[in-house]
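Structure data follow from model02.cif (mmCIF, C-alpha atoms):
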```cif
data_structure
loop_
_atom_site.label_atom_id
_atom_site.label_comp_id
_atom_site.auth_asym_id
_atom_site.auth_seq_id
_atom_site.Cartn_x
_atom_site.Cartn_y
_atom_site.Cartn_z
CA MET A 295 -7.05 16.21 -32.10
CA THR A 296 -5.94 12.95 -30.51
CA HIS A 297 -6.30 12.21 -26.81
CA LEU A 298 -4.77 8.74 -26.87
CA ALA A 299 -1.58 7.77 -25.10
CA LYS A 300 -0.36 5.60 -27.97
CA ASP A 301 -0.15 8.66 -30.27
CA MET A 302 2.09 10.54 -27.83
CA THR A 303 5.42 9.13 -28.98
CA PRO A 304 8.77 10.82 -28.25
CA ASP A 305 8.76 12.36 -31.77
CA VAL A 306 5.61 14.38 -31.15
CA LYS A 307 6.39 18.12 -31.08
CA TRP A 308 5.24 20.19 -28.10
CA ARG A 309 2.57 21.93 -30.18
CA ASP A 310 0.96 18.60 -30.92
CA ILE A 311 0.69 17.08 -27.47
CA THR A 312 -2.82 16.70 -26.08
CA PRO A 313 -4.23 20.02 -24.77
CA GLY A 314 -3.84 20.29 -21.01
CA CYS A 315 -1.89 17.02 -21.15
CA ASN A 316 -5.24 15.22 -21.03
CA ILE A 317 -5.41 11.54 -21.85
CA PHE A 318 -8.94 10.23 -22.21
CA GLU A 319 -8.29 6.58 -21.33
CA GLY A 320 -7.17 4.57 -18.30
CA GLY A 321 -4.54 1.91 -17.74
CA THR A 322 -2.29 3.20 -20.52
CA SER A 323 0.85 2.12 -18.68
CA ALA A 324 0.03 -1.40 -19.87
CA SER A 325 2.14 -0.69 -22.96
CA VAL A 326 5.25 0.11 -20.88
CA GLN A 327 7.69 -2.77 -20.57
CA THR A 328 9.15 -2.84 -17.07
CA GLY A 329 10.44 -6.40 -17.49
CA ASP A 330 13.76 -5.10 -18.79
CA TRP A 331 14.62 -3.82 -15.28
CA ARG A 332 14.94 -7.43 -14.19
CA VAL A 333 18.19 -9.00 -12.99
CA LEU A 334 16.75 -12.20 -11.55
CA LYS A 335 13.86 -14.01 -13.15
CA PRO A 336 11.26 -16.20 -11.38
CA VAL A 337 10.81 -19.63 -12.92
CA ILE A 338 8.00 -21.92 -11.86
CA ASP A 339 8.22 -25.69 -11.55
CA TRP A 340 4.69 -26.82 -12.44
CA ASP A 341 5.24 -30.24 -10.86
CA LYS A 342 5.69 -28.60 -7.46
CA CYS A 343 3.00 -25.93 -7.82
CA ARG A 344 -0.21 -26.86 -5.99
CA GLN A 345 -2.18 -23.78 -7.05
CA CYS A 346 -2.47 -22.39 -3.51
CA LEU A 347 -2.30 -18.91 -5.13
CA LEU A 348 -0.37 -17.34 -2.24
CA CYS A 349 2.09 -15.93 -4.80
CA ALA A 350 -0.52 -14.04 -6.83
CA PRO A 351 -1.60 -11.24 -4.44
CA VAL A 352 1.97 -10.37 -3.37
CA CYS A 353 3.07 -9.41 -6.88
CA PRO A 354 3.52 -5.61 -7.11
CA ASP A 355 3.42 -5.77 -10.91
CA MET A 356 0.31 -7.83 -11.66
CA SER A 357 2.62 -10.42 -13.29
CA ILE A 358 0.96 -13.54 -11.89
CA PRO A 359 -2.32 -13.83 -13.78
CA VAL A 360 -5.13 -15.93 -12.32
CA GLY A 361 -7.47 -17.20 -15.00
CA LYS A 362 -11.23 -17.70 -15.05
CA ASP A 363 -10.66 -21.33 -13.99
CA GLY A 364 -9.11 -20.07 -10.73
CA LYS A 365 -5.62 -21.32 -11.61
CA ARG A 366 -2.49 -19.25 -11.91
CA GLY A 367 -0.83 -19.01 -15.29
CA GLU A 368 2.72 -18.42 -16.49
CA PHE A 369 4.52 -15.28 -15.29
CA ASP A 370 3.97 -12.15 -17.31
CA TYR A 371 7.62 -11.35 -18.01
CA PHE A 372 6.66 -8.14 -19.80
CA TYR A 373 6.06 -6.46 -16.42
CA CYS A 374 7.89 -8.68 -13.88
CA LYS A 375 10.73 -6.69 -12.27
CA GLY A 376 12.21 -9.75 -10.59
CA CYS A 377 11.74 -8.68 -6.96
CA GLY A 378 11.46 -12.30 -5.79
CA VAL A 379 8.64 -11.81 -3.27
CA CYS A 380 6.64 -14.62 -4.95
CA ALA A 381 9.54 -17.09 -4.73
CA ASN A 382 9.95 -16.27 -1.05
CA VAL A 383 6.28 -16.78 -0.11
CA CYS A 384 5.83 -20.05 -2.03
CA PRO A 385 5.30 -22.77 0.62
CA PHE A 386 6.27 -25.55 -1.82
CA ASP A 387 9.50 -24.00 -3.23
CA ALA A 388 7.98 -24.17 -6.70
CA ILE A 389 9.41 -20.79 -7.75
CA THR A 390 13.16 -20.26 -8.12
CA MET A 391 14.96 -17.08 -9.03
CA VAL A 392 17.49 -17.55 -11.83
CA LYS A 393 19.80 -15.08 -13.55
CA ASP A 394 17.94 -13.48 -16.41
CA GLU A 395 19.92 -13.93 -19.66
CA LYS A 396 18.95 -11.34 -22.25
CA MET B 226 -19.42 -12.21 2.61
CA ALA B 227 -17.00 -15.06 3.17
CA TYR B 228 -13.54 -14.34 1.87
CA ASN B 229 -12.10 -16.63 -0.76
CA LEU B 230 -8.63 -15.93 -2.12
CA LYS B 231 -9.28 -17.70 -5.41
CA GLU B 232 -12.51 -15.81 -6.13
CA ASN B 233 -10.88 -12.57 -5.09
CA LEU B 234 -7.97 -13.12 -7.49
CA MET B 235 -10.29 -14.03 -10.37
CA LYS B 236 -11.58 -10.45 -10.36
CA GLU B 237 -9.90 -8.26 -12.93
CA ASP B 238 -7.18 -5.99 -11.56
CA ARG B 239 -8.13 -2.32 -11.61
CA PHE B 240 -4.48 -1.33 -11.51
CA SER B 241 -2.34 -1.92 -14.57
CA GLY B 242 1.21 -3.24 -14.90
CA GLY B 243 3.87 -1.05 -16.45
CA HIS B 244 3.92 1.42 -13.57
CA ARG B 245 7.41 2.52 -12.48
CA MET B 246 7.34 1.68 -8.78
CA CYS B 247 10.55 -0.06 -7.60
CA ALA B 248 10.80 -3.85 -7.73
CA GLY B 249 9.30 -5.31 -4.56
CA CYS B 250 7.53 -2.11 -3.51
CA GLY B 251 4.69 -2.53 -1.02
CA SER B 252 2.41 0.26 -2.21
CA PRO B 253 1.21 -1.24 -5.54
CA ILE B 254 0.29 -4.37 -3.59
CA ALA B 255 -1.79 -2.25 -1.21
CA VAL B 256 -3.43 -0.41 -4.12
CA ARG B 257 -4.35 -3.45 -6.18
CA THR B 258 -5.68 -5.28 -3.12
CA VAL B 259 -7.86 -2.36 -2.03
CA LEU B 260 -9.19 -1.89 -5.57
CA ARG B 261 -9.95 -5.61 -5.87
CA ALA B 262 -12.19 -5.22 -2.80
CA LEU B 263 -14.57 -3.10 -4.89
CA ASP B 264 -17.58 -4.92 -6.29
CA PRO B 265 -16.87 -5.29 -10.04
CA GLU B 266 -20.06 -3.47 -11.08
CA ASP B 267 -19.27 -0.36 -9.04
CA LYS B 268 -17.30 2.48 -10.52
CA ALA B 269 -14.67 4.38 -8.58
CA VAL B 270 -12.92 7.71 -8.53
CA VAL B 271 -9.41 7.35 -7.21
CA CYS B 272 -7.42 10.29 -5.91
CA SER B 273 -3.83 10.28 -4.84
CA ALA B 274 -1.73 12.68 -2.86
CA THR B 275 1.70 13.42 -4.33
CA SER B 276 3.79 10.42 -3.44
CA CYS B 277 5.95 7.68 -4.92
CA LEU B 278 2.69 6.12 -6.01
CA GLU B 279 1.49 9.20 -7.83
CA VAL B 280 4.71 10.07 -9.64
CA SER B 281 5.34 6.54 -10.83
CA THR B 282 1.80 5.60 -11.88
CA PHE B 283 0.88 8.89 -13.47
CA MET B 284 3.54 9.99 -15.94
CA TYR B 285 2.23 11.60 -19.08
CA PRO B 286 1.02 9.96 -21.29
CA TYR B 287 0.94 6.76 -19.24
CA ASN B 288 -1.16 6.02 -16.18
CA ALA B 289 -1.71 2.74 -14.39
CA TRP B 290 -5.25 3.47 -13.20
CA LYS B 291 -8.17 1.86 -14.99
CA ASP B 292 -10.65 3.90 -12.92
CA SER B 293 -11.10 7.65 -13.04
CA PHE B 294 -8.09 9.21 -11.41
CA ILE B 295 -7.49 12.69 -10.08
CA HIS B 296 -4.34 14.15 -8.63
CA ASN B 297 -4.14 17.66 -7.26
CA ALA B 298 -1.30 18.43 -4.85
CA PHE B 299 0.58 17.00 -1.91
CA GLU B 300 -1.51 18.55 0.85
CA ASN B 301 -5.05 18.34 -0.50
CA ALA B 302 -5.90 14.80 -1.59
CA ALA B 303 -8.73 14.52 0.95
CA ALA B 304 -10.06 17.97 0.01
CA THR B 305 -9.97 17.06 -3.69
CA ILE B 306 -11.94 13.85 -3.21
CA SER B 307 -14.39 15.77 -0.95
CA GLY B 308 -15.15 18.06 -3.88
CA VAL B 309 -15.59 15.15 -6.27
CA GLU B 310 -17.91 13.41 -3.82
CA ALA B 311 -19.97 16.58 -3.26
CA ALA B 312 -20.32 17.08 -7.04
CA TYR B 313 -21.40 13.45 -7.46
CA ASN B 314 -24.05 13.82 -4.78
CA LEU B 315 -25.47 16.89 -6.46
CA MET B 316 -25.48 15.28 -9.93
CA LYS B 317 -27.12 12.19 -8.49
CA LYS B 318 -29.79 14.35 -6.84
CA LYS B 319 -30.45 16.08 -10.17
CA GLY B 320 -30.75 12.70 -11.89
CA LYS B 321 -27.67 13.15 -14.11
CA ILE B 322 -25.93 10.00 -12.83
CA ASP B 323 -27.47 6.58 -12.21
CA GLU B 324 -24.49 4.38 -11.41
CA THR B 325 -22.94 3.87 -7.98
CA TRP B 326 -19.57 5.48 -7.63
CA LYS B 327 -17.14 4.97 -4.79
CA PHE B 328 -14.41 7.39 -3.73
CA ILE B 329 -10.99 6.18 -2.69
CA THR B 330 -7.95 8.26 -1.83
CA PHE B 331 -4.42 6.95 -1.53
CA GLY B 332 -1.69 8.83 0.26
CA GLY B 333 1.75 7.97 1.51
CA ASP B 334 2.66 8.61 5.12
CA GLY B 335 4.12 12.01 4.20
CA GLY B 336 0.90 13.06 2.48
CA THR B 337 -1.22 11.68 5.32
CA TYR B 338 0.57 11.98 8.67
CA ASP B 339 2.23 15.33 7.86
CA ILE B 340 1.47 17.42 4.81
CA GLY B 341 -2.07 16.29 4.01
CA PHE B 342 -3.24 16.04 7.58
CA GLN B 343 -5.25 19.26 7.65
CA SER B 344 -7.28 18.34 4.57
CA LEU B 345 -7.76 14.79 5.86
CA SER B 346 -8.98 16.06 9.21
CA GLY B 347 -11.29 18.55 7.50
CA ALA B 348 -12.81 15.95 5.18
CA PHE B 349 -13.49 13.64 8.14
CA GLU B 350 -15.09 16.46 10.10
CA ARG B 351 -17.39 17.31 7.16
CA GLY B 352 -18.28 13.64 6.87
CA HIS B 353 -17.87 12.93 3.15
CA ASP B 354 -18.55 9.38 2.02
CA PHE B 355 -15.08 8.20 0.99
CA VAL B 356 -12.18 5.99 2.04
CA TYR B 357 -8.73 7.32 2.77
CA VAL B 358 -6.06 4.66 2.40
CA CYS B 359 -2.67 5.55 3.84
CA TYR B 360 0.09 3.28 2.57
CA ASP B 361 2.55 3.77 5.35
CA ASN B 362 6.19 3.27 4.37
CA GLU B 363 7.45 5.34 7.27
CA ALA B 364 9.44 8.11 5.55
CA TYR B 365 9.50 10.40 2.49
CA MET B 366 10.76 7.68 0.15
CA ASN B 367 10.05 9.53 -3.09
CA THR B 368 12.54 12.32 -2.38
CA GLY B 369 15.20 10.10 -0.83
CA ILE B 370 14.23 8.73 2.58
CA GLN B 371 13.71 11.81 4.75
CA ARG B 372 12.08 11.31 8.15
CA SER B 373 8.36 11.90 8.57
CA SER B 374 6.19 11.86 11.67
CA SER B 375 5.50 8.22 10.81
CA THR B 376 9.16 7.18 10.95
CA PRO B 377 9.75 4.94 13.96
CA HIS B 378 12.04 5.76 16.87
CA PHE B 379 15.79 5.30 16.12
CA ALA B 380 15.28 4.67 12.39
CA ASP B 381 18.19 5.79 10.23
CA THR B 382 17.05 8.16 7.47
CA THR B 383 18.92 10.77 5.43
CA THR B 384 17.71 13.58 7.72
CA THR B 385 18.17 11.59 10.92
CA PRO B 386 21.46 9.80 10.17
CA ALA B 387 22.45 7.44 12.97
CA GLY B 388 25.99 8.11 14.12
CA THR B 389 27.94 9.61 16.98
CA VAL B 390 25.74 12.71 17.27
CA ILE B 391 22.23 11.22 17.15
CA PRO B 392 21.01 7.61 17.36
CA GLY B 393 18.65 7.91 14.35
CA LYS B 394 15.23 9.52 14.68
CA LEU B 395 14.78 11.02 18.13
CA GLN B 396 10.98 10.94 18.32
CA GLN B 397 8.46 8.14 18.37
CA LYS B 398 6.05 7.32 15.57
CA LYS B 399 2.75 9.20 15.59
CA ASN B 400 -0.25 6.94 16.15
CA LEU B 401 -2.39 8.19 13.28
CA THR B 402 -4.92 5.36 13.39
CA ARG B 403 -6.02 6.41 16.87
CA ILE B 404 -6.10 10.06 15.85
CA MET B 405 -8.49 9.14 13.05
CA VAL B 406 -10.65 7.19 15.51
CA ALA B 407 -10.89 10.37 17.56
CA HIS B 408 -12.51 12.08 14.54
CA GLY B 409 -15.58 9.92 15.18
CA SER B 410 -15.25 8.03 11.89
CA PRO B 411 -17.60 5.03 11.42
CA TYR B 412 -14.78 2.73 10.33
CA VAL B 413 -11.05 2.93 10.95
CA ALA B 414 -8.69 -0.01 10.53
CA GLN B 415 -5.02 -0.81 10.63
CA THR B 416 -3.75 -3.63 8.46
CA THR B 417 -0.94 -4.97 6.32
CA PHE B 418 -0.17 -7.91 4.00
CA ILE B 419 -0.49 -11.18 5.86
CA GLY B 420 -0.88 -14.75 4.53
CA ASN B 421 -3.79 -14.98 2.12
CA PHE B 422 -4.66 -11.25 2.29
CA ARG B 423 -7.94 -11.87 4.08
CA ASP B 424 -7.34 -9.14 6.65
CA ILE B 425 -6.63 -6.29 4.24
CA THR B 426 -9.30 -7.34 1.70
CA GLU B 427 -12.09 -7.62 4.26
CA LYS B 428 -11.13 -4.32 5.85
CA ALA B 429 -10.97 -2.58 2.48
CA HIS B 430 -14.41 -3.93 1.57
CA LYS B 431 -15.88 -2.75 4.89
CA ALA B 432 -14.26 0.66 4.53
CA ILE B 433 -15.50 1.14 0.96
CA TYR B 434 -19.05 0.03 1.74
CA THR B 435 -19.46 1.83 5.07
CA LYS B 436 -21.17 5.18 4.63
CA GLY B 437 -19.14 8.13 5.82
CA PRO B 438 -15.44 8.89 5.98
CA CYS B 439 -13.42 5.72 6.61
CA PHE B 440 -9.71 5.34 7.14
CA LEU B 441 -7.39 2.45 6.36
CA ASN B 442 -3.79 2.46 7.53
CA VAL B 443 -1.76 -0.09 5.57
CA MET B 444 1.87 -0.82 6.40
CA ALA B 445 3.60 -0.97 3.01
CA PRO B 446 7.30 -1.77 3.37
CA CYS B 447 9.85 0.02 1.18
CA PRO B 448 12.91 -2.11 0.40
CA ARG B 449 15.04 0.94 -0.51
CA GLY B 450 14.23 3.00 2.56
CA TRP B 451 14.01 0.20 5.08
CA ARG B 452 17.16 -1.41 3.67
CA TYR B 453 16.10 -5.02 3.34
CA PRO B 454 16.37 -7.35 0.30
CA THR B 455 13.26 -6.98 -1.91
CA GLU B 456 12.16 -10.61 -1.58
CA LYS B 457 11.74 -10.31 2.22
CA LEU B 458 8.61 -8.15 2.01
CA MET B 459 6.22 -10.65 3.53
CA GLU B 460 8.72 -11.61 6.24
CA VAL B 461 8.94 -7.97 7.31
CA THR B 462 5.16 -7.49 7.52
CA LYS B 463 4.76 -10.79 9.37
CA ALA B 464 7.44 -9.81 11.87
CA ALA B 465 5.75 -6.42 12.37
CA VAL B 466 2.49 -8.16 13.29
CA GLU B 467 4.02 -10.94 15.40
CA THR B 468 6.10 -8.49 17.46
CA CYS B 469 3.04 -6.20 17.91
CA VAL B 470 4.91 -3.29 16.30
CA TRP B 471 1.97 -3.07 13.86
CA PRO B 472 -1.09 -4.69 15.45
CA LEU B 473 -4.05 -5.58 13.23
CA TYR B 474 -7.21 -4.00 14.55
CA GLU B 475 -10.33 -2.19 13.44
CA VAL B 476 -12.60 0.36 15.09
CA ILE B 477 -16.26 0.14 14.16
CA GLU B 478 -18.34 3.10 15.37
CA GLY B 479 -15.78 3.77 18.08
CA LYS B 480 -15.61 0.15 19.25
CA TYR B 481 -12.13 -1.41 19.11
CA VAL B 482 -11.79 -4.96 17.78
CA LEU B 483 -8.45 -6.78 17.79
CA ASN B 484 -8.21 -8.91 14.64
CA TYR B 485 -5.09 -10.90 15.39
CA MET B 486 -3.60 -11.96 18.70
CA PRO B 487 -0.08 -13.41 18.30
CA LYS B 488 0.25 -16.76 20.06
CA ASN B 489 3.72 -15.86 21.25
CA LYS B 490 4.48 -12.17 21.15
CA LEU B 491 7.97 -12.08 19.65
CA PRO B 492 10.69 -9.75 20.95
CA VAL B 493 10.99 -6.58 18.88
CA GLU B 494 14.51 -7.57 17.69
CA GLU B 495 12.88 -10.06 15.30
CA TYR B 496 11.39 -7.11 13.42
CA LEU B 497 14.32 -4.71 13.77
CA ARG B 498 16.97 -7.22 12.71
CA LEU B 499 15.46 -7.66 9.24
CA GLN B 500 16.02 -4.02 8.33
CA GLY B 501 19.21 -2.08 7.66
CA ARG B 502 17.70 1.17 8.93
CA PHE B 503 17.90 -0.30 12.46
CA ALA B 504 21.34 -1.96 12.00
CA HIS B 505 23.09 0.52 14.33
CA MET B 506 20.86 -0.63 17.21
CA PHE B 507 22.61 -4.02 17.20
CA LYS B 508 26.11 -2.54 17.68
CA PRO B 509 27.72 -3.10 21.09
CA GLY B 510 26.74 -0.34 23.53
CA ASN B 511 23.43 0.37 21.80
CA GLU B 512 21.36 -2.29 23.57
CA TRP B 513 19.46 0.49 25.39
CA MET B 514 17.82 1.50 22.09
CA ILE B 515 16.30 -1.96 21.59
CA GLU B 516 15.16 -2.00 25.24
CA GLN B 517 13.53 1.38 24.82
CA VAL B 518 11.73 0.37 21.61
CA GLN B 519 10.54 -2.80 23.34
CA GLN B 520 9.11 -0.71 26.20
CA GLU B 521 7.34 1.61 23.77
CA VAL B 522 5.88 -1.29 21.77
CA ASP B 523 4.75 -3.02 24.99
CA LYS B 524 3.06 0.15 26.22
CA ASN B 525 1.20 0.71 22.94
CA TRP B 526 0.16 -2.96 22.89
CA GLU B 527 -1.13 -2.80 26.50
CA ASP B 528 -3.06 0.37 25.66
CA LEU B 529 -4.60 -1.30 22.63
CA LEU B 530 -5.60 -4.39 24.59
CA LYS B 531 -7.29 -2.15 27.17
CA LEU B 532 -9.19 -0.35 24.40
CA CYS B 533 -10.28 -3.72 23.00
CA ASN B 534 -11.41 -4.77 26.52
CA MET B 535 -9.01 -7.70 26.57
#
```
The structure in this file should be written as structure tokens.
Amino acid sequence: MTHLAKDMTPDVKWRDITPGCNIFEGGTSASVQTGDWRVLKPVIDWDKCRQCLLCAPVCPDMSIPVGKDGKRGEFDYFYCKGCGVCANVCPFDAITMVKDEK
Amino acid sequence: MAYNLKENLMKEDRFSGGHRMCAGCGSPIAVRTVLRALDPEDKAVVCSATSCLEVSTFMYPYNAWKDSFIHNAFENAAATISGVEAAYNLMKKKGKIDETWKFITFGGDGGTYDIGFQSLSGAFERGHDFVYVCYDNEAYMNTGIQRSSSTPHFADTTTTPAGTVIPGKLQQKKNLTRIMVAHGSPYVAQTTFIGNFRDITEKAHKAIYTKGPCFLNVMAPCPRGWRYPTEKLMEVTKAAVETCVWPLYEVIEGKYVLNYMPKNKLPVEEYLRLQGRFAHMFKPGNEWMIEQVQQEVDKNWEDLLKLCNM
């Protein structure tokens, strides 16, 4: 019997779902794409970014990764919902919100 | 431990993306910041009261929590974590567990100020070693913006609609932080998101690593319920602190410490104007509402300064 979230697809019949709806792993929402909610998309201008990192902790969707070198990386557009909080806190106007073309 | 934003952000997040909170919501920011305050080698059991946070991070088969997570019901988050903590203590005593585990509970203002208050009060009286984090968004946002005892005076909600009959919520906001101080807790703090997140991170670390029941009250704005554009989150929290609507302070063993003194205390309009739920207060003839809120904020601020011996 499986207890993994990835096996619980919409085609699984009710008899085959995990007993007690138990899932024996954490952080399984990582496979859910919330980026498709987005209307506006943050775009970073690396020439203006001074790596002050004030944008990283304000992200509600963990979409601004900070690497082992202590520098922020590119946005994680898989999760980013386009709220724009990061663009608003940037003291150097390095982040702009543009219309997201899909 | 000196706080360093870069080092803090280099820690792995214990909260995963892909949760279904609204864009620009304040509560996932509170959660990930509090969880980042844990030392990476320590394990944690996280409990949540029923709330926006619980329903959108914990939908079968997906959950956003990388730590052990337990949800029970709306009213008993603190009682649930009490049981987990008691079981851990017994297993530790019997030598069945070696690692250090920490116990953290998250609740919205509905699950903390109102519905979960009896279990919270009971857990603090029994003195379990855990942290209760209230992410305060000042109404029942999950079910559609109904007033709670945390909703501020004159706020427009779906159960206190501002109009010709009533001017929004008729009562003032309950001061839960001071009620929790009265429980004799070793550490109680009130905080929100400001600048480089030093305030909330340091308070979360102190609360997690202080033995006994600790309480953290975090203002977590809700763009839907407060009716402001999502990107203004940090402007709203800053205005709340600068107008002294939401002062930053901590209470260590009953001793009040003010953490931030605004250089120029701004008039309360600066906070109210940002939010649509207070829009009716700026209509002609309603100036008395703003005056009254200003008086209430001033009184609470004076009281707090007295408690801090300032």
Apply the PyMOL selection byres ((chain B) within 10 of (chain A)) to the structure shown and report the selected residues as a PDB file with C-alpha atoms, in the frame of the given file.
```pdb
ATOM      1  CA  LEU B 230      -8.630 -15.930  -2.120  1.00  0.00           C
ATOM      2  CA  LYS B 231      -9.280 -17.700  -5.410  1.00  0.00           C
ATOM      3  CA  GLU B 232     -12.510 -15.810  -6.130  1.00  0.00           C
ATOM      4  CA  ASN B 233     -10.880 -12.570  -5.090  1.00  0.00           C
ATOM      5  CA  LEU B 234      -7.970 -13.120  -7.490  1.00  0.00           C
ATOM      6  CA  MET B 235     -10.290 -14.030 -10.370  1.00  0.00           C
ATOM      7  CA  LYS B 236     -11.580 -10.450 -10.360  1.00  0.00           C
ATOM      8  CA  GLU B 237      -9.900  -8.260 -12.930  1.00  0.00           C
ATOM      9  CA  ASP B 238      -7.180  -5.990 -11.560  1.00  0.00           C
ATOM     10  CA  ARG B 239      -8.130  -2.320 -11.610  1.00  0.00           C
ATOM     11  CA  PHE B 240      -4.480  -1.330 -11.510  1.00  0.00           C
ATOM     12  CA  SER B 241      -2.340  -1.920 -14.570  1.00  0.00           C
ATOM     13  CA  GLY B 242       1.210  -3.240 -14.900  1.00  0.00           C
ATOM     14  CA  GLY B 243       3.870  -1.050 -16.450  1.00  0.00           C
ATOM     15  CA  HIS B 244       3.920   1.420 -13.570  1.00  0.00           C
ATOM     16  CA  ARG B 245       7.410   2.520 -12.480  1.00  0.00           C
ATOM     17  CA  MET B 246       7.340   1.680  -8.780  1.00  0.00           C
ATOM     18  CA  CYS B 247      10.550  -0.060  -7.600  1.00  0.00           C
ATOM     19  CA  ALA B 248      10.800  -3.850  -7.730  1.00  0.00           C
ATOM     20  CA  GLY B 249       9.300  -5.310  -4.560  1.00  0.00           C
ATOM     21  CA  CYS B 250       7.530  -2.110  -3.510  1.00  0.00           C
ATOM     22  CA  GLY B 251       4.690  -2.530  -1.020  1.00  0.00           C
ATOM     23  CA  SER B 252       2.410   0.260  -2.210  1.00  0.00           C
ATOM     24  CA  PRO B 253       1.210  -1.240  -5.540  1.00  0.00           C
ATOM     25  CA  ILE B 254       0.290  -4.370  -3.590  1.00  0.00           C
ATOM     26  CA  ALA B 255      -1.790  -2.250  -1.210  1.00  0.00           C
ATOM     27  CA  VAL B 256      -3.430  -0.410  -4.120  1.00  0.00           C
ATOM     28  CA  ARG B 257      -4.350  -3.450  -6.180  1.00  0.00           C
ATOM     29  CA  THR B 258      -5.680  -5.280  -3.120  1.00  0.00           C
ATOM     30  CA  THR B 282       1.800   5.600 -11.880  1.00  0.00           C
ATOM     31  CA  PHE B 283       0.880   8.890 -13.470  1.00  0.00           C
ATOM     32  CA  MET B 284       3.540   9.990 -15.940  1.00  0.00           C
ATOM     33  CA  TYR B 285       2.230  11.600 -19.080  1.00  0.00           C
ATOM     34  CA  PRO B 286       1.020   9.960 -21.290  1.00  0.00           C
ATOM     35  CA  TYR B 287       0.940   6.760 -19.240  1.00  0.00           C
ATOM     36  CA  ASN B 288      -1.160   6.020 -16.180  1.00  0.00           C
ATOM     37  CA  ALA B 289      -1.710   2.740 -14.390  1.00  0.00           C
ATOM     38  CA  TRP B 290      -5.250   3.470 -13.200  1.00  0.00           C
ATOM     39  CA  LYS B 291      -8.170   1.860 -14.990  1.00  0.00           C
ATOM     40  CA  ASP B 292     -10.650   3.900 -12.920  1.00  0.00           C
ATOM     41  CA  SER B 293     -11.100   7.650 -13.040  1.00  0.00           C
ATOM     42  CA  PHE B 294      -8.090   9.210 -11.410  1.00  0.00           C
ATOM     43  CA  PHE B 418      -0.170  -7.910   4.000  1.00  0.00           C
ATOM     44  CA  ILE B 419      -0.490 -11.180   5.860  1.00  0.00           C
ATOM     45  CA  GLY B 420      -0.880 -14.750   4.530  1.00  0.00           C
ATOM     46  CA  ASN B 421      -3.790 -14.980   2.120  1.00  0.00           C
ATOM     47  CA  PHE B 422      -4.660 -11.250   2.290  1.00  0.00           C
ATOM     48  CA  PRO B 448      12.910  -2.110   0.400  1.00  0.00           C
ATOM     49  CA  PRO B 454      16.370  -7.350   0.300  1.00  0.00           C
ATOM     50  CA  THR B 455      13.260  -6.980  -1.910  1.00  0.00           C
ATOM     51  CA  GLU B 456      12.160 -10.610  -1.580  1.00  0.00           C
ATOM     52  CA  LYS B 457      11.740 -10.310   2.220  1.00  0.00           C
ATOM     53  CA  LEU B 458       8.610  -8.150   2.010  1.00  0.00           C
ATOM     54  CA  MET B 459       6.220 -10.650   3.530  1.00  0.00           C
ATOM     55  CA  GLU B 460       8.720 -11.610   6.240  1.00  0.00           C
TER      56      GLU B 460
END
```
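Between atom CA of Val493 of chain B and atom CA of Asp523 of chain B the separation is 9.4 Å.
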Contacts of Lys431 of chain B at 8 Å (all atoms listed in the file; same-chain gap of 4+ positions) as a PyMOL selection string
chain B and resi 412+427+435
One decimal, in Å: what's the spacing between atom CA of Leu483 of chain B and atom CA of Thr330 of chain B?
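Between atom CA of Leu483 of chain B and atom CA of Thr330 of chain B the gap is 24.7 Å.
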Counting all atoms listed in the file, which residue out of B:Asp528, B:Glu494, B:Asp354, B:Glu475 sits closest to Glu512 of chain B?
B:Glu494
Shell of 7 Å around Tyr357 of chain B, only C-alpha atoms, local chain residues under 6 positions omitted, as a PyMOL selection string
chain B and resi 329-331+439-441
Once the PyMOL selection byres ((chain B and resi 311) around 12) has been evaluated on this model, what residues remain selected, and can you format them as a PDB file with C-alpha atoms, in the coordinates of the input?
```pdb
ATOM      1  CA  ALA B 304     -10.060  17.970   0.010  1.00  0.00           C
ATOM      2  CA  THR B 305      -9.970  17.060  -3.690  1.00  0.00           C
ATOM      3  CA  ILE B 306     -11.940  13.850  -3.210  1.00  0.00           C
ATOM      4  CA  SER B 307     -14.390  15.770  -0.950  1.00  0.00           C
ATOM      5  CA  GLY B 308     -15.150  18.060  -3.880  1.00  0.00           C
ATOM      6  CA  VAL B 309     -15.590  15.150  -6.270  1.00  0.00           C
ATOM      7  CA  GLU B 310     -17.910  13.410  -3.820  1.00  0.00           C
ATOM      8  CA  ALA B 312     -20.320  17.080  -7.040  1.00  0.00           C
ATOM      9  CA  TYR B 313     -21.400  13.450  -7.460  1.00  0.00           C
ATOM     10  CA  ASN B 314     -24.050  13.820  -4.780  1.00  0.00           C
ATOM     11  CA  LEU B 315     -25.470  16.890  -6.460  1.00  0.00           C
ATOM     12  CA  MET B 316     -25.480  15.280  -9.930  1.00  0.00           C
ATOM     13  CA  LYS B 317     -27.120  12.190  -8.490  1.00  0.00           C
ATOM     14  CA  LYS B 318     -29.790  14.350  -6.840  1.00  0.00           C
ATOM     15  CA  TRP B 326     -19.570   5.480  -7.630  1.00  0.00           C
ATOM     16  CA  PHE B 328     -14.410   7.390  -3.730  1.00  0.00           C
ATOM     17  CA  ALA B 348     -12.810  15.950   5.180  1.00  0.00           C
ATOM     18  CA  ARG B 351     -17.390  17.310   7.160  1.00  0.00           C
ATOM     19  CA  GLY B 352     -18.280  13.640   6.870  1.00  0.00           C
ATOM     20  CA  HIS B 353     -17.870  12.930   3.150  1.00  0.00           C
ATOM     21  CA  ASP B 354     -18.550   9.380   2.020  1.00  0.00           C
ATOM     22  CA  PHE B 355     -15.080   8.200   0.990  1.00  0.00           C
TER      23      PHE B 355
END
```
